[in-house]
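This is my_file29.cif. It holds mmCIF, C-alpha atoms.
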```cif
data_coords
#
loop_
_atom_site.label_atom_id
_atom_site.label_comp_id
_atom_site.auth_asym_id
_atom_site.auth_seq_id
_atom_site.Cartn_x
_atom_site.Cartn_y
_atom_site.Cartn_z
CA MET A 1 121.93 75.07 122.68
CA ASP A 2 119.47 77.63 121.36
CA PHE A 3 121.15 79.76 118.70
CA ARG A 4 118.59 82.55 118.62
CA THR A 5 116.99 85.16 120.83
CA ARG A 6 113.33 84.38 121.41
CA ILE A 7 110.88 87.20 122.07
CA GLU A 8 108.87 86.48 125.18
CA ILE A 9 105.30 87.65 124.72
CA PRO A 10 103.42 88.09 128.01
CA PRO A 11 100.20 86.06 128.34
CA SER A 12 97.32 88.08 126.93
CA PRO A 13 93.86 88.22 128.49
CA LEU A 14 92.58 89.09 125.01
CA ARG A 15 91.15 86.10 123.18
CA ILE A 16 90.15 85.75 119.54
CA THR A 17 87.43 83.15 118.96
CA TYR A 18 85.01 82.36 116.17
CA ASP A 19 82.52 84.58 117.97
CA SER A 20 84.89 87.57 117.63
CA ARG A 21 84.56 90.31 115.04
CA LEU A 22 87.82 91.88 113.90
CA LEU A 23 88.77 95.04 112.04
CA LEU A 24 92.35 95.47 110.80
CA LEU A 25 93.83 98.74 109.57
CA GLY A 26 97.24 99.88 108.41
CA SER A 27 100.19 98.69 106.39
CA CYS A 28 100.60 95.62 104.22
CA PHE A 29 101.45 93.65 107.38
CA ALA A 30 97.81 94.17 108.43
CA GLU A 31 96.90 92.66 105.05
CA ASN A 32 99.15 89.66 105.76
CA ILE A 33 97.55 88.88 109.12
CA GLY A 34 94.11 89.78 107.80
CA GLN A 35 94.46 87.25 105.00
CA LYS A 36 95.40 84.56 107.51
CA LEU A 37 92.34 85.37 109.61
CA ARG A 38 90.03 85.42 106.59
CA ASN A 39 91.44 82.14 105.33
CA GLY A 40 90.70 80.76 108.79
CA CYS A 41 87.07 81.94 108.34
CA PHE A 42 87.17 84.45 111.19
CA ARG A 43 84.80 87.38 110.80
CA THR A 44 87.34 89.93 109.62
CA ASP A 45 87.32 93.27 107.79
CA VAL A 46 90.64 94.58 106.48
CA ASN A 47 91.48 98.14 105.40
CA PRO A 48 88.20 99.73 104.23
CA CYS A 49 90.31 102.47 102.57
CA GLY A 50 93.10 100.19 101.41
CA ILE A 51 96.66 99.89 102.69
CA GLN A 52 97.81 102.87 104.77
CA TYR A 53 101.25 103.30 106.25
CA ASN A 54 101.30 106.38 108.47
CA PRO A 55 99.43 106.85 111.77
CA LEU A 56 97.54 110.00 110.73
CA SER A 57 96.03 108.36 107.65
CA VAL A 58 94.89 105.41 109.76
CA ALA A 59 93.39 107.86 112.27
CA GLY A 60 91.64 109.68 109.42
CA THR A 61 90.04 106.43 108.29
CA LEU A 62 88.87 105.65 111.82
CA ARG A 63 87.27 109.08 112.09
CA LEU A 64 85.45 108.56 108.79
CA LEU A 65 84.14 105.22 110.02
CA ALA A 66 83.23 106.47 113.49
CA GLU A 67 81.33 109.46 112.09
CA GLU A 68 79.84 107.39 109.25
CA LYS A 69 80.98 109.99 106.76
CA GLN A 70 80.82 109.66 102.99
CA LEU A 71 83.13 111.37 100.53
CA GLY A 72 81.74 113.95 98.11
CA PRO A 73 82.85 114.22 94.47
CA GLU A 74 84.99 117.23 95.34
CA ARG A 75 87.32 114.92 97.29
CA LEU A 76 88.36 113.08 94.13
CA LEU A 77 91.28 114.29 92.05
CA GLU A 78 92.10 113.41 88.46
CA GLN A 79 95.54 111.99 87.77
CA ASN A 80 96.65 110.41 84.49
CA GLY A 81 93.09 109.65 83.43
CA LEU A 82 92.08 108.17 86.78
CA TRP A 83 89.97 109.56 89.61
CA VAL A 84 91.75 109.11 92.93
CA SER A 85 91.30 109.88 96.62
CA LEU A 86 94.32 110.91 98.67
CA ARG A 87 92.75 109.03 101.58
CA HIS A 88 92.63 105.77 99.62
CA HIS A 89 94.90 103.16 98.11
CA GLY A 90 95.20 103.03 94.33
CA SER A 91 92.95 99.97 94.21
CA PHE A 92 90.01 102.35 94.80
CA SER A 93 90.85 104.52 91.77
CA GLY A 94 88.83 104.42 88.56
CA SER A 95 88.36 106.01 85.16
CA ASP A 96 84.72 106.93 85.92
CA ARG A 97 84.26 109.47 88.70
CA ASN A 98 80.82 108.28 89.83
CA THR A 99 81.77 104.61 89.81
CA CYS A 100 84.93 105.38 91.78
CA LEU A 101 83.00 107.39 94.37
CA THR A 102 80.29 104.75 94.71
CA GLY A 103 82.89 102.06 95.40
CA ILE A 104 84.63 104.21 98.00
CA ASN A 105 81.45 105.12 99.86
CA SER A 106 80.04 101.61 99.75
CA ARG A 107 83.20 100.32 101.38
CA LEU A 108 83.15 103.11 103.98
CA GLN A 109 79.56 102.23 104.86
CA ALA A 110 80.46 98.58 105.43
CA GLY A 111 83.55 99.57 107.42
CA ALA A 112 81.54 101.89 109.66
CA ARG A 113 79.14 99.07 110.46
CA ASN A 114 82.00 96.67 111.17
CA LEU A 115 83.71 99.18 113.49
CA ARG A 116 80.58 99.39 115.63
CA GLU A 117 80.34 95.60 115.84
CA ALA A 118 84.06 94.86 116.23
CA ASP A 119 85.45 93.23 119.35
CA ILE A 120 89.07 93.76 118.34
CA LEU A 121 90.74 96.51 116.31
CA LEU A 122 94.25 95.69 115.10
CA ILE A 123 96.27 98.70 113.91
CA THR A 124 99.63 98.34 112.18
CA PHE A 125 101.83 101.41 111.75
CA GLY A 126 104.40 101.30 108.94
CA THR A 127 106.19 104.65 109.01
CA ALA A 128 106.21 107.96 110.86
CA TRP A 129 106.94 109.84 107.60
CA VAL A 130 103.95 111.62 106.08
CA TYR A 131 103.14 113.62 102.96
CA ARG A 132 100.88 116.68 103.25
CA TYR A 133 99.14 117.85 100.07
CA ARG A 134 99.95 121.54 99.78
CA LYS A 135 96.71 122.60 98.06
CA THR A 136 94.43 121.31 100.82
CA GLY A 137 96.65 120.49 103.80
CA GLU A 138 95.40 116.91 103.71
CA ILE A 139 97.70 114.08 104.84
CA ALA A 140 97.96 111.65 101.94
CA ALA A 141 97.61 107.93 102.49
CA ASN A 142 98.78 107.52 98.90
CA CYS A 143 100.36 110.15 96.65
CA HIS A 144 99.11 108.48 93.43
CA ARG A 145 102.19 109.60 91.46
CA PHE A 146 101.42 113.31 91.81
CA PRO A 147 104.58 115.45 91.54
CA ALA A 148 106.70 115.46 94.69
CA ALA A 149 106.52 119.27 94.66
CA ASP A 150 102.79 119.01 95.45
CA PHE A 151 103.59 117.69 98.93
CA ASP A 152 105.40 118.68 102.11
CA ARG A 153 107.20 115.66 103.56
CA PHE A 154 108.03 115.41 107.25
CA ARG A 155 108.40 112.94 110.10
CA LEU A 156 105.87 112.88 112.90
CA THR A 157 106.94 113.04 116.52
CA PRO A 158 105.66 110.63 119.19
CA GLU A 159 103.79 113.54 120.77
CA GLU A 160 101.97 114.34 117.52
CA ILE A 161 100.85 110.73 117.12
CA VAL A 162 99.66 110.51 120.73
CA ALA A 163 97.79 113.80 120.40
CA GLY A 164 96.12 112.54 117.22
CA TYR A 165 94.91 109.34 118.91
CA GLU A 166 93.91 110.41 122.43
CA LYS A 167 90.59 111.96 121.49
CA LEU A 168 90.02 109.37 118.78
CA ILE A 169 90.36 106.45 121.20
CA THR A 170 87.98 108.13 123.62
CA THR A 171 85.50 108.51 120.74
CA LEU A 172 85.89 104.86 119.75
CA SER A 173 85.34 103.73 123.36
CA ALA A 174 82.11 105.72 123.56
CA LEU A 175 80.98 104.29 120.22
CA ASN A 176 81.95 100.70 121.07
CA PRO A 177 82.68 100.28 124.81
CA ALA A 178 83.76 96.63 124.45
CA LEU A 179 86.34 97.37 121.75
CA LYS A 180 89.91 96.22 122.44
CA ILE A 181 92.76 97.72 120.42
CA VAL A 182 95.99 95.93 119.50
CA PHE A 183 98.80 98.00 118.02
CA THR A 184 101.76 96.60 116.15
CA VAL A 185 104.61 98.05 114.10
CA SER A 186 105.26 96.64 110.66
CA PRO A 187 108.59 94.77 110.46
CA ILE A 188 108.92 95.81 106.81
CA ARG A 189 111.64 98.43 106.42
CA HIS A 190 110.99 101.68 104.55
CA TRP A 191 114.32 101.93 102.77
CA LYS A 192 113.49 105.21 101.05
CA GLU A 193 114.38 106.89 104.33
CA GLY A 194 117.71 105.06 104.52
CA ALA A 195 118.77 102.63 107.25
CA HIS A 196 119.10 105.30 109.94
CA GLY A 197 115.94 107.14 108.86
CA ASN A 198 113.97 103.89 108.97
CA GLN A 199 115.16 103.16 112.51
CA LEU A 200 114.25 106.66 113.67
CA SER A 201 110.81 106.30 112.10
CA LYS A 202 110.15 102.93 113.75
CA SER A 203 111.36 104.33 117.07
CA VAL A 204 108.84 107.16 116.84
CA LEU A 205 106.05 104.65 116.25
CA LEU A 206 107.14 102.43 119.14
CA LEU A 207 107.37 105.36 121.56
CA ALA A 208 103.93 106.63 120.58
CA ILE A 209 102.30 103.22 121.00
CA ASP A 210 103.97 102.70 124.36
CA GLU A 211 102.64 106.05 125.56
CA LEU A 212 99.12 105.26 124.36
CA ALA A 213 99.19 101.81 125.98
CA GLY A 214 100.11 103.47 129.26
CA ARG A 215 97.14 105.83 129.03
CA PHE A 216 94.40 103.45 127.88
CA GLU A 217 93.76 100.05 129.45
CA GLN A 218 92.01 98.73 126.32
CA ILE A 219 95.25 99.07 124.31
CA SER A 220 97.89 96.35 124.01
CA TYR A 221 100.91 95.73 121.79
CA PHE A 222 101.94 92.75 119.67
CA PRO A 223 105.71 92.67 118.94
CA SER A 224 105.78 91.68 115.26
CA TYR A 225 108.64 94.16 114.65
CA GLU A 226 110.75 92.67 117.42
CA ILE A 227 110.03 89.09 116.34
CA VAL A 228 111.53 89.77 112.92
CA LEU A 229 114.51 91.77 114.18
CA ASP A 230 115.49 89.36 116.94
CA GLU A 231 114.06 85.93 116.16
CA LEU A 232 114.26 85.99 112.36
CA ARG A 233 117.64 87.69 112.08
CA ASP A 234 118.49 86.19 108.69
CA TYR A 235 117.99 87.26 105.05
CA ARG A 236 116.37 83.93 104.23
CA PHE A 237 113.27 85.34 105.92
CA TYR A 238 113.04 88.19 103.40
CA ASP A 239 111.69 88.39 99.86
CA THR A 240 113.93 89.01 96.85
CA ASP A 241 113.98 92.79 97.48
CA MET A 242 115.51 92.07 100.92
CA LEU A 243 112.96 94.43 102.50
CA HIS A 244 109.59 92.67 102.45
CA LEU A 245 109.04 89.45 104.37
CA SER A 246 109.07 86.00 102.86
CA GLY A 247 106.06 83.75 103.14
CA GLN A 248 107.94 81.71 105.72
CA ALA A 249 108.44 84.79 107.92
CA VAL A 250 104.77 85.77 107.69
CA GLU A 251 103.83 82.21 108.60
CA TYR A 252 106.09 82.30 111.67
CA ILE A 253 104.65 85.62 112.91
CA TRP A 254 101.18 84.21 112.34
CA GLU A 255 102.08 81.22 114.53
CA ARG A 256 103.24 83.56 117.33
CA PHE A 257 100.02 85.55 116.89
CA ARG A 258 97.98 82.37 117.25
CA GLU A 259 99.90 81.38 120.39
CA THR A 260 99.19 84.78 121.91
CA TYR A 261 95.49 85.28 121.15
CA LEU A 262 93.86 81.90 120.37
CA ASP A 263 92.90 79.46 123.11
CA ARG A 264 93.36 75.73 122.57
CA THR A 265 89.73 75.10 121.57
CA THR A 266 89.77 77.84 118.92
CA ASP A 267 93.17 76.77 117.61
CA GLU A 268 92.04 73.17 117.21
CA LEU A 269 88.94 74.33 115.35
CA LEU A 270 91.10 76.56 113.15
CA LYS A 271 93.24 73.55 112.20
CA ARG A 272 90.10 71.78 110.96
CA VAL A 273 89.05 74.89 109.02
CA GLU A 274 92.50 75.21 107.43
CA LYS A 275 92.41 71.58 106.34
CA ILE A 276 89.01 72.12 104.70
CA GLN A 277 90.18 75.32 103.03
CA LYS A 278 93.14 73.47 101.56
CA SER A 279 90.85 70.74 100.25
CA LEU A 280 88.53 73.33 98.68
CA GLN A 281 91.46 74.57 96.60
CA HIS A 282 91.89 71.10 95.08
CA ARG A 283 91.18 71.01 91.34
CA PRO A 284 90.73 67.46 90.00
CA PHE A 285 91.91 66.31 86.60
CA ARG A 286 88.78 64.17 86.26
CA PRO A 287 85.82 65.74 88.14
CA ASP A 288 83.41 63.17 86.69
CA THR A 289 84.92 60.17 88.51
CA PRO A 290 83.26 58.29 91.42
CA GLU A 291 86.39 58.98 93.51
CA TYR A 292 85.91 62.72 93.20
CA GLU A 293 82.22 62.45 94.08
CA GLN A 294 83.23 60.55 97.21
CA PHE A 295 85.83 63.25 97.98
CA LYS A 296 83.15 65.98 97.73
CA LYS A 297 80.72 64.10 99.98
CA HIS A 298 83.40 63.65 102.63
CA LEU A 299 84.40 67.34 102.42
CA LEU A 300 80.79 68.53 102.66
CA ARG A 301 80.33 66.37 105.74
CA GLU A 302 83.46 67.90 107.28
CA MET A 303 82.16 71.41 106.57
CA GLU A 304 78.77 70.61 108.15
CA GLU A 305 80.45 69.20 111.25
CA VAL A 306 82.61 72.32 111.68
CA ARG A 307 79.62 74.61 111.18
CA ALA A 308 77.73 72.62 113.78
CA VAL A 309 80.43 73.58 116.28
CA ASN A 310 80.17 77.30 115.43
CA GLN A 311 77.65 78.83 113.04
CA ASN A 312 79.84 81.92 112.52
CA ILE A 313 82.20 79.88 110.33
CA ALA A 314 81.37 80.50 106.69
CA PHE A 315 83.34 78.87 103.90
CA SER A 316 83.62 81.24 100.94
CA SER A 317 84.32 78.52 98.38
CA GLY A 318 81.76 75.89 97.44
CA LEU A 319 81.90 72.58 95.63
#
```

Rewrite the structure from the file as structure tokens, please.
Amino acid sequence: MDFRTRIEIPPSPLRITYDSRLLLLGSCFAENIGQKLRNGCFRTDVNPCGIQYNPLSVAGTLRLLAEEKQLGPERLLEQNGLWVSLRHHGSFSGSDRNTCLTGINSRLQAGARNLREADILLITFGTAWVYRYRKTGEIAANCHRFPAADFDRFRLTPEEIVAGYEKLITTLSALNPALKIVFTVSPIRHWKEGAHGNQLSKSVLLLAIDELAGRFEQISYFPSYEIVLDELRDYRFYDTDMLHLSGQAVEYIWERFRETYLDRTTDELLKRVEKIQKSLQHRPFRPDTPEYEQFKKHLLREMEEVRAVNQNIAFSSGL
């Protein structure tokens, strides 16, 4: 007997190979999958503006990249001795205004280039709740600990999300006609809204994505949210806060992702890459021994053989 409900994912014509270029945007779930892809040495860019949870902030980032825009110094705000951008995650903040701005714009420039070259854009929505900065009307990707009174907080409707993406997707298709877009909804619950509020928020996101997928043939959906709710219906798949996913849960979703988008040849090559990556993390107690020299020679030979199969595979760590 099978004591679980398995999510059936329809066969996808979309294929990720080592020739693919990928751009991932959105919540920390995008970071989870992005890290798996990067560890597998796929050509992957993840969140050029940092983690973003709501659809309008993700759309704002895509517009910046599509239009190759740079931020001016007037877009930075000072908060507790740091210069911050409401469009960016706190990891982009800095104590020096010019250094902060240079880092932001350098990353935007790289992201704009990667958007134009991408074959696949994976977007993960986390919540339909947004915060609008009262002084400028800007939707904040991160509130950076500004007072709550500085923001208007509200929940988007499916219609507002669809309206925000219709023109954007048309723009992206003109910019990169071959681009395929995969949407997913983060399975991580936003408990600040309460159990019912979280469900309403996720429902808004799901309805909006379904509407967009019906309007644009280049859009598809990967059911990460449903996999967690129905297949991994157990608290052992959650971290200690009982909200974020455990490493085991992320690994399982990654396996379903691989089944959906990787063909057998790519998956077999990925297994070889993963084995090499694991070996590269090995730190010997005695690096000066003949045994370790032999280990390095064998590993270098393995790396050369994999690169001979596909030159796009680049190992970030050396010996």

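The residue that comes closest to A:Leu77, out of A:Thr171, A:Asn105, A:Ser246, A:Thr136 and on the basis of only C-alpha atoms, is A:Thr136.
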
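Residues in contact with A:Asp119 at 8 Å, where all atoms listed in the file are counted and same-chain residues fewer than 3 positions away are skipped, are listed as A:Ser20, A:Arg21, A:Leu22, A:Ala178, A:Leu179, A:Lys180.
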
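Applied to the file shown here, the PyMOL selection byres ((chain A and resi 191) around 12) selects Gly126, Thr127, Trp129, Pro187, Ile188, Arg189, His190, Lys192, Glu193, Gly194, Ala195, His196, Gly197, Asn198, Gln199, Leu200, Ser201, Lys202, Asp241, Met242, Leu243 and His244 of chain A.
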
Check which residues satisfy the PyMOL selection byres ((chain A and resi 212) around 10) in the file shown, then give them as a PyMOL selection string. chain A and resi 158+161-163+165-166+169+183+206-211+213-220

Could you spell out the hits of the PyMOL selection byres ((chain A and resi 32-45) around 8) on the shown file, as a PyMOL selection string? chain A and resi 17-18+20-24+28-31+46-48+111+114+250+254+270+273-274+277+312-315

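Atom CA of A:Thr124 is found 5.3 Å from atom CA of A:Val185.
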
I'd like the interatomic distance between atom CA of A:Gly60 and atom CA of A:Leu108, to a tenth of an Å. 12.0 Å

From the list A:Tyr53, A:Arg272, A:Arg132, A:Ala308, the nearest residue to A:Ala149 using only C-alpha atoms is A:Arg132

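Distance annotation: of A:Leu168, A:Leu71, A:Val228, A:Leu205, the residue with the minimal separation from A:Ile7 is A:Val228; atom set is all atoms listed in the file.
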
Exercise on stretch 60-77 of chain A, axis-aligned box with 8 Å per side, report centre and edge lengths in Å to one decimal, as lines of an AutoDock Vina configuration file:
```
center_x = 85.7
center_y = 111.2
center_z = 102.8
size_x = 27.8
size_y = 28.0
size_z = 37.4
```

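Atom to atom, atom CA of A:Ser85 and atom CA of A:Leu172 stand 24.3 Å apart.
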
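Here the question is which of A:Ser224, A:Gln70, A:Thr240, A:Gln281 gets nearest to A:Arg256 using all atoms listed in the file, and that residue is A:Ser224.
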
Can you tell me, as a PDB file with C-alpha atoms, keeping the file's coordinate frame, what residues are no more than 12 Å from A:Arg233 when counting only C-alpha atoms, ignoring any on the same chain fewer than 2 positions away?
```pdb
ATOM      1  CA  PHE A   3     121.150  79.760 118.700  1.00  0.00           C
ATOM      2  CA  ARG A   4     118.590  82.550 118.620  1.00  0.00           C
ATOM      3  CA  THR A   5     116.990  85.160 120.830  1.00  0.00           C
ATOM      4  CA  ARG A   6     113.330  84.380 121.410  1.00  0.00           C
ATOM      5  CA  PRO A 187     108.590  94.770 110.460  1.00  0.00           C
ATOM      6  CA  TYR A 225     108.640  94.160 114.650  1.00  0.00           C
ATOM      7  CA  GLU A 226     110.750  92.670 117.420  1.00  0.00           C
ATOM      8  CA  ILE A 227     110.030  89.090 116.340  1.00  0.00           C
ATOM      9  CA  VAL A 228     111.530  89.770 112.920  1.00  0.00           C
ATOM     10  CA  LEU A 229     114.510  91.770 114.180  1.00  0.00           C
ATOM     11  CA  ASP A 230     115.490  89.360 116.940  1.00  0.00           C
ATOM     12  CA  GLU A 231     114.060  85.930 116.160  1.00  0.00           C
ATOM     13  CA  TYR A 235     117.990  87.260 105.050  1.00  0.00           C
ATOM     14  CA  ARG A 236     116.370  83.930 104.230  1.00  0.00           C
ATOM     15  CA  PHE A 237     113.270  85.340 105.920  1.00  0.00           C
ATOM     16  CA  TYR A 238     113.040  88.190 103.400  1.00  0.00           C
ATOM     17  CA  LEU A 245     109.040  89.450 104.370  1.00  0.00           C
ATOM     18  CA  ALA A 249     108.440  84.790 107.920  1.00  0.00           C
TER      19      ALA A 249
END
```

Neighbourhood query: residues within 8 Å of (83.4, 72.1, 103.6), file coordinates, counting all atoms listed in the file; return as a ChimeraX atom specification. /A:276-277,280,299-304,315,318

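Distances to A:Thr260 were evaluated for A:Leu115, A:Ile9, A:Ala110, A:Val130 using all atoms listed in the file, and the minimum falls at A:Ile9.
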
Just so I have it separately, write stretch 85-105 of chain A from the block I sent, keeping N, CA and C atoms, as a PDB file, in the first residue's frame.
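Generated file (result_23.pdb):
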```
ATOM      1  N   SER A  85      18.420  50.043  -0.409  1.00  0.00           N
ATOM      2  CA  SER A  85      17.477  50.216  -1.517  1.00  0.00           C
ATOM      3  C   SER A  85      16.233  49.410  -1.202  1.00  0.00           C
ATOM      4  N   LEU A  86      15.073  50.029  -1.315  1.00  0.00           N
ATOM      5  CA  LEU A  86      13.821  49.312  -1.060  1.00  0.00           C
ATOM      6  C   LEU A  86      13.579  48.211  -2.089  1.00  0.00           C
ATOM      7  N   ARG A  87      14.257  48.278  -3.214  1.00  0.00           N
ATOM      8  CA  ARG A  87      14.121  47.254  -4.245  1.00  0.00           C
ATOM      9  C   ARG A  87      14.994  46.027  -3.961  1.00  0.00           C
ATOM     10  N   HIS A  88      15.918  46.170  -2.982  1.00  0.00           N
ATOM     11  CA  HIS A  88      16.943  45.146  -2.807  1.00  0.00           C
ATOM     12  C   HIS A  88      16.920  44.508  -1.426  1.00  0.00           C
ATOM     13  N   HIS A  89      17.435  43.307  -1.377  1.00  0.00           N
ATOM     14  CA  HIS A  89      17.631  42.584  -0.124  1.00  0.00           C
ATOM     15  C   HIS A  89      18.708  43.276   0.713  1.00  0.00           C
ATOM     16  N   GLY A  90      18.695  43.029   2.002  1.00  0.00           N
ATOM     17  CA  GLY A  90      19.652  43.656   2.897  1.00  0.00           C
ATOM     18  C   GLY A  90      21.097  43.324   2.598  1.00  0.00           C
ATOM     19  N   SER A  91      21.349  42.231   1.882  1.00  0.00           N
ATOM     20  CA  SER A  91      22.720  41.861   1.530  1.00  0.00           C
ATOM     21  C   SER A  91      23.371  42.875   0.604  1.00  0.00           C
ATOM     22  N   PHE A  92      22.579  43.751  -0.027  1.00  0.00           N
ATOM     23  CA  PHE A  92      23.117  44.787  -0.901  1.00  0.00           C
ATOM     24  C   PHE A  92      23.407  46.083  -0.154  1.00  0.00           C
ATOM     25  N   SER A  93      23.039  46.175   1.108  1.00  0.00           N
ATOM     26  CA  SER A  93      23.215  47.399   1.880  1.00  0.00           C
ATOM     27  C   SER A  93      24.686  47.609   2.244  1.00  0.00           C
ATOM     28  N   GLY A  94      25.026  48.856   2.561  1.00  0.00           N
ATOM     29  CA  GLY A  94      26.409  49.144   2.935  1.00  0.00           C
ATOM     30  C   GLY A  94      26.539  50.465   3.644  1.00  0.00           C
ATOM     31  N   SER A  95      27.636  50.627   4.373  1.00  0.00           N
ATOM     32  CA  SER A  95      27.869  51.861   5.130  1.00  0.00           C
ATOM     33  C   SER A  95      28.339  53.009   4.247  1.00  0.00           C
ATOM     34  N   ASP A  96      28.894  52.691   3.073  1.00  0.00           N
ATOM     35  CA  ASP A  96      29.344  53.722   2.134  1.00  0.00           C
ATOM     36  C   ASP A  96      28.371  53.788   0.961  1.00  0.00           C
ATOM     37  N   ARG A  97      27.842  54.983   0.724  1.00  0.00           N
ATOM     38  CA  ARG A  97      26.789  55.135  -0.296  1.00  0.00           C
ATOM     39  C   ARG A  97      27.283  54.752  -1.684  1.00  0.00           C
ATOM     40  N   ASN A  98      28.462  55.228  -2.062  1.00  0.00           N
ATOM     41  CA  ASN A  98      28.977  54.968  -3.409  1.00  0.00           C
ATOM     42  C   ASN A  98      29.295  53.488  -3.616  1.00  0.00           C
ATOM     43  N   THR A  99      29.880  52.871  -2.603  1.00  0.00           N
ATOM     44  CA  THR A  99      30.200  51.446  -2.701  1.00  0.00           C
ATOM     45  C   THR A  99      28.926  50.616  -2.823  1.00  0.00           C
ATOM     46  N   CYS A 100      27.927  50.975  -2.027  1.00  0.00           N
ATOM     47  CA  CYS A 100      26.641  50.290  -2.081  1.00  0.00           C
ATOM     48  C   CYS A 100      26.028  50.403  -3.476  1.00  0.00           C
ATOM     49  N   LEU A 101      26.013  51.599  -4.018  1.00  0.00           N
ATOM     50  CA  LEU A 101      25.413  51.841  -5.328  1.00  0.00           C
ATOM     51  C   LEU A 101      26.174  51.121  -6.436  1.00  0.00           C
ATOM     52  N   THR A 102      27.488  51.123  -6.344  1.00  0.00           N
ATOM     53  CA  THR A 102      28.307  50.428  -7.342  1.00  0.00           C
ATOM     54  C   THR A 102      28.003  48.936  -7.351  1.00  0.00           C
ATOM     55  N   GLY A 103      27.874  48.341  -6.165  1.00  0.00           N
ATOM     56  CA  GLY A 103      27.562  46.916  -6.080  1.00  0.00           C
ATOM     57  C   GLY A 103      26.195  46.599  -6.663  1.00  0.00           C
ATOM     58  N   ILE A 104      25.220  47.446  -6.375  1.00  0.00           N
ATOM     59  CA  ILE A 104      23.862  47.257  -6.895  1.00  0.00           C
ATOM     60  C   ILE A 104      23.850  47.325  -8.414  1.00  0.00           C
ATOM     61  N   ASN A 105      24.469  48.362  -8.973  1.00  0.00           N
ATOM     62  CA  ASN A 105      24.427  48.557 -10.418  1.00  0.00           C
ATOM     63  C   ASN A 105      25.263  47.552 -11.188  1.00  0.00           C
TER      64      ASN A 105
END
```
